[in-house]
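Take a look at the structure below.
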Amino acid sequence: MNKKNAFSISIAGGGSTYTPEIILMLLENLDRFPIRKIIFYDNDYERQKLVADACEIILRERAPEIEFLSTTNPKDGFTDIDFVMAHIRVGKYEMREKDEKIPLEHGIVGQETCGPGGIAYGLRSITGVVELIDYMEEYSPNAWMLNYSNPASIVAEGVRVLRPDSKVLNICDMPIDIEERMAVIAGLESRKDMTVRYYGLNHFGWWDDIRDKDGNDLMPVIKKYVLENGYNLELLNKEVRLNDPDWLDTYRFAKEVYRLDTETLPTTYFKYYLFSDYAVKHTDKNYTRANQVMDGREKRVFDECSTIVEKNTAKETNLEIGVHASYIVDLARALAFNTHERMLLIVENKGAICGVDPTAMVEIPCIVGANGPEPLSIGEIPTFQRGLIQQQLAVEKLAVEAYVEESYQKLWQALTLSRTMGDADLAKVILDELIEANIDYWPNLK
Ligand SMILES: NC(=O)c1ccc[n+]([C@@H]2O[C@H](COP(=O)([O-])OP(=O)(O)OC[C@H]3O[C@@H](n4cnc5c(N)ncnc54)[C@H](O)[C@@H]3O)[C@@H](O)[C@H]2O)c1
Ligand SMILES: O=P(O)(O)OC[C@H]1O[C@H](O[C@H]2[C@H](O)[C@@H](O)[C@@H](O)O[C@@H]2CO)[C@H](O)[C@@H](O)[C@@H]1O
Ligand SMILES: [Mn+2]
């Protein structure tokens with residue numbers, strides 16, 4: 001990594017709906033994190049072009065000194081790079097829609113990262129992410145990859161098994177988003193005014209200690225609010241997802257999840273694992289989240305990019321910065337400037353959570369410096385959490401073993417073991433439909 005000068009960034013998945021907000025975030029943070037070059041890399045030229053053309057205009061207007069390139073050529077995309085920020089969606093929304101609709105057709109949870117759909121997505125993502133790692137190591141061997149391509153748990157396990165020595169950090173912004181909500185509930189300016197203890201797998205974790213900087217326990221005040229409202233902030237007039245009923249429901253539903261264990265505060269995705277009947281009943285199997293995103297975020301972002309390109313200016317753009325982006329800048333800074341910031345990352349357990357497989361890829365607080373993350377010890381956890389983690393971990397490990405060994409049997413076991421699934425025969429029916437749908441993406445299972 002070139003520490004003396006400004007940094008060079010490759011955004012892999014340049015055509016992502018999140019790319020413009022990442023660019024805006026990087027621009028807003030240039031004083032903390034100087035940049036000399038930004039490259040967009042994607043394997044879909046058409047999709048990336050519109051986003052790239054709009055971002056080129058944004059960059060020209062706000063930071064003309066930054067060199068910009070967009071490409072579908074791996075050598076150009078990964079040469080002379082300090083950080084790869086990766087957010088690819090292998091199979092795009094077309095395949096997300098199938099991941100969601102195939103299980104739902106059989107009365108089983110159909111979700112981007114949970115249950116059979118999440119496993120299907122995992123088997124597609126591993127190939128794409130490993131390919132990016134190989135490009136990075138070939139053309140910029142000292143670079144770090146900050147990866148948030150989903151499903152992060154399965155991707156992290158796949159990378160641990162297939163590229164154990166790679167400089168890849170897997171991250172998620174779900175806990176960040178919830179912590180911002182907790183800070184509002186506790187009357188604080190920002191989540192950075194809190195120190196948290198959190199443990200679990202990605203999209204499958206709990207907070208068991210939250211304090212302000214003076215060490216005061218914030219759990220009681222947050223729990224009191226969550227018991228009635230979940231993480232929905234409408235009561236405080238701070239809700240930012242007013243146009244997004246699905247997310248509002250998910251944040252609100254956290255109160256039901258909380259009631260199941262009032263010692264900890266949960267992440268939202270337990271709605272799908274622990275209350276699957278509710279989740280299925282409240283999903284329209286003909287118009288799932290993939291359809292909502294295609295008609296919502298994707299349309300909004302691409303329409304706005306078109307407007308910028310047509311007007312040849314982004315001075316009045318309504319594109320916004322999200323929490324999704326800010327977290328990656330903090331992480332890149334921690335690595336580049338050895339800040340030793342405390343951050344939640346997905347890392348190998350190695351004893352941090354007692355009673356959980358040492359090779360599990362767990363999401364826990366780490367101190368991040370130039371050498372990468374140093375995980376903090378969590379210690380003993382309650383039986384309820386340990387039981388759930390072990391079961392979900394087995395699902396993720398079996399999915400990766402199935403991918404590596406091309407094993408139909410192990411993938412059937414993975415689907416059967418998912419808490420979202422009941423019956424092994426039904427798991428097999430869903431698996432067979434997923435195999436057919438993923439013919440262009442999955443290994444040939446025997
Ligand atoms: N970790 C998190 O908390 C978090 C939060 C939000 C989104 N995400 C993830 O970010 C990713 C992007 O989400 P999105 O909704 O913007 O998707 P999107 O479909 O809009 O963008 C993904 C891009 O990846 C490209 N792509 C697909 N396969 C590729 C490959 N093999 N090589 C290079 N490019 C490839 C596509 O062409 C597309 O342009 C998804 O994986 C999503 O799940 C993660
Ligand atoms: O259904 P989608 O595509 O809108 O969201 C799926 C993603 O949801 C989480 O990310 C949220 C994030 O928590 C929130 O802060 C904000 O940035 O929006 C994101 C997406 O809407 C989750 O952490 C991701 O892994 C999912 O991909
Ligand atoms: Mn996530």
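We label chains A, B, ... in the order they appear in the structure tokens, count residues from 1 in each chain, and number ligands from 1 in the order shown.
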
Leu415 in chain A surroundings by only C-alpha atoms, 7 Å radius, close-in-sequence under 3 positions cut, as a PyMOL selection string | chain A and resi 116+411-412+418+421+427

What would the file look like if the residues just selected were written as a PDB file, in the first residue's frame with C-alpha atoms?
```pdb
ATOM      1  CA  PRO A 116     -32.640 -21.578   0.786  1.00  0.00           C
ATOM      2  CA  LEU A 411     -26.328 -29.061  -0.105  1.00  0.00           C
ATOM      3  CA  TRP A 412     -29.493 -31.016   0.645  1.00  0.00           C
ATOM      4  CA  SER A 418     -31.780 -24.234   7.946  1.00  0.00           C
ATOM      5  CA  MET A 421     -36.959 -25.119   6.536  1.00  0.00           C
ATOM      6  CA  ALA A 427     -35.872 -29.222   1.064  1.00  0.00           C
TER       7      ALA A 427
END
```

If we count only C-alpha atoms, what is near Asp99 in chain A at a cut-off of 8 Å, once residues fewer than 3 positions away on the same chain are taken out, given as number ranges by chain?
-> A: 95-96, 102-103, 110-112, 116-118, 120-121, 434

Would you save the residues of that selection, restricted to C-alpha atoms, as a compact mmCIF listing (two decimals), in the first residue's frame?
```
# COMPACT_ATOMS: atom_id res chain seq x y z
CA MET A 95 -31.51 -14.27 -9.78
CA ARG A 96 -32.42 -12.63 -6.46
CA ILE A 102 -38.77 -20.50 -5.47
CA PRO A 103 -38.91 -21.19 -1.69
CA GLY A 110 -37.76 -16.45 0.40
CA GLN A 111 -35.10 -13.90 1.33
CA GLU A 112 -31.90 -12.43 -0.14
CA PRO A 116 -32.64 -21.58 0.79
CA GLY A 117 -32.46 -18.33 -1.23
CA GLY A 118 -29.46 -17.13 0.78
CA ALA A 120 -28.40 -20.29 -3.48
CA TYR A 121 -26.97 -16.76 -3.61
CA LEU A 434 -32.76 -24.04 -7.32
```

Within 8 Å of ligand 2, which residues show up when you count only C-alpha atoms and all ligand atoms? List them as a CSV table (one decimal) with C-alpha atoms, in the first residue's frame, please.
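Below is the file pocket-v7.csv, written as the result:
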```
chain,number,residue,atom,x,y,z
A,112,GLU,CA,-31.9,-12.4,-0.1
A,113,THR,CA,-29.5,-13.9,2.5
A,148,TYR,CA,-19.6,-6.5,1.4
A,149,SER,CA,-20.9,-8.8,-1.4
A,150,ASN,CA,-23.6,-11.0,0.2
A,151,PRO,CA,-24.4,-13.4,1.6
A,152,ALA,CA,-21.5,-12.2,3.8
A,172,CYS,CA,-21.9,-5.6,6.9
A,173,ASP,CA,-23.8,-2.4,7.6
A,174,MET,CA,-26.8,-3.9,9.3
A,175,PRO,CA,-25.4,-3.6,12.8
A,176,ILE,CA,-24.2,0.0,12.0
A,177,ASP,CA,-27.7,0.9,10.9
A,178,ILE,CA,-29.2,-0.5,14.1
A,203,HIS,CA,-27.2,-11.2,9.9
A,247,TRP,CA,-38.0,-2.3,6.1
A,289,ARG,CA,-38.3,-7.6,-2.2
A,290,ALA,CA,-36.3,-8.1,-5.5
A,293,VAL,CA,-35.9,-2.9,-5.2
A,297,ARG,CA,-33.8,1.8,-5.4
A,322,GLY,CA,-25.9,6.3,3.2
A,323,VAL,CA,-24.5,4.5,6.3
A,324,HIS,CA,-23.5,1.7,4.0
A,325,ALA,CA,-20.7,3.9,2.6
```

Could I get the residue neighbourhood of ligand 1 at 7 Å, counting only C-alpha atoms and all ligand atoms, as a VMD selection string?
-> chain A and resid 12 to 18 41 to 44 47 to 48 87 to 93 128 to 129 132 148 to 152 171 to 174 298 324

Within 12 Å of Ile367 in chain A, counting only C-alpha atoms, which residues qualify if same-chain residues fewer than 5 places away don't, as a PyMOL selection string?
-> chain A and resi 331+334-335+338-345+347+372-377

Would you put the residues from that selection into a file with C-alpha atoms, as a compact mmCIF listing (two decimals), in the first residue's frame?
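To be explicit, this is the file written out as selection-v6.txt:
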```
# COMPACT_ATOMS: atom_id res chain seq x y z
CA LEU A 331 -12.36 0.72 7.75
CA ALA A 334 -8.08 2.11 10.04
CA LEU A 335 -5.96 -0.04 7.73
CA ASN A 338 -3.36 2.38 11.80
CA THR A 339 -6.19 4.10 13.71
CA HIS A 340 -6.96 1.09 15.94
CA GLU A 341 -10.66 1.83 15.62
CA ARG A 342 -13.01 -0.67 17.25
CA MET A 343 -15.24 -2.11 14.50
CA LEU A 344 -17.51 -5.10 13.94
CA LEU A 345 -16.02 -7.43 11.35
CA VAL A 347 -13.44 -12.88 11.25
CA GLY A 372 -5.65 -5.92 9.90
CA PRO A 373 -8.20 -6.84 12.56
CA GLU A 374 -7.42 -8.07 16.09
CA PRO A 375 -10.59 -9.76 17.35
CA LEU A 376 -11.73 -9.07 20.91
CA SER A 377 -12.66 -11.91 23.22
```

Suppose you want the space between CA of Asn202 in chain A and CA of Ser153 in chain A; what is it in Å?
->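 CA of Ser153 in chain A lies 5.4 Å from CA of Asn202 in chain A.
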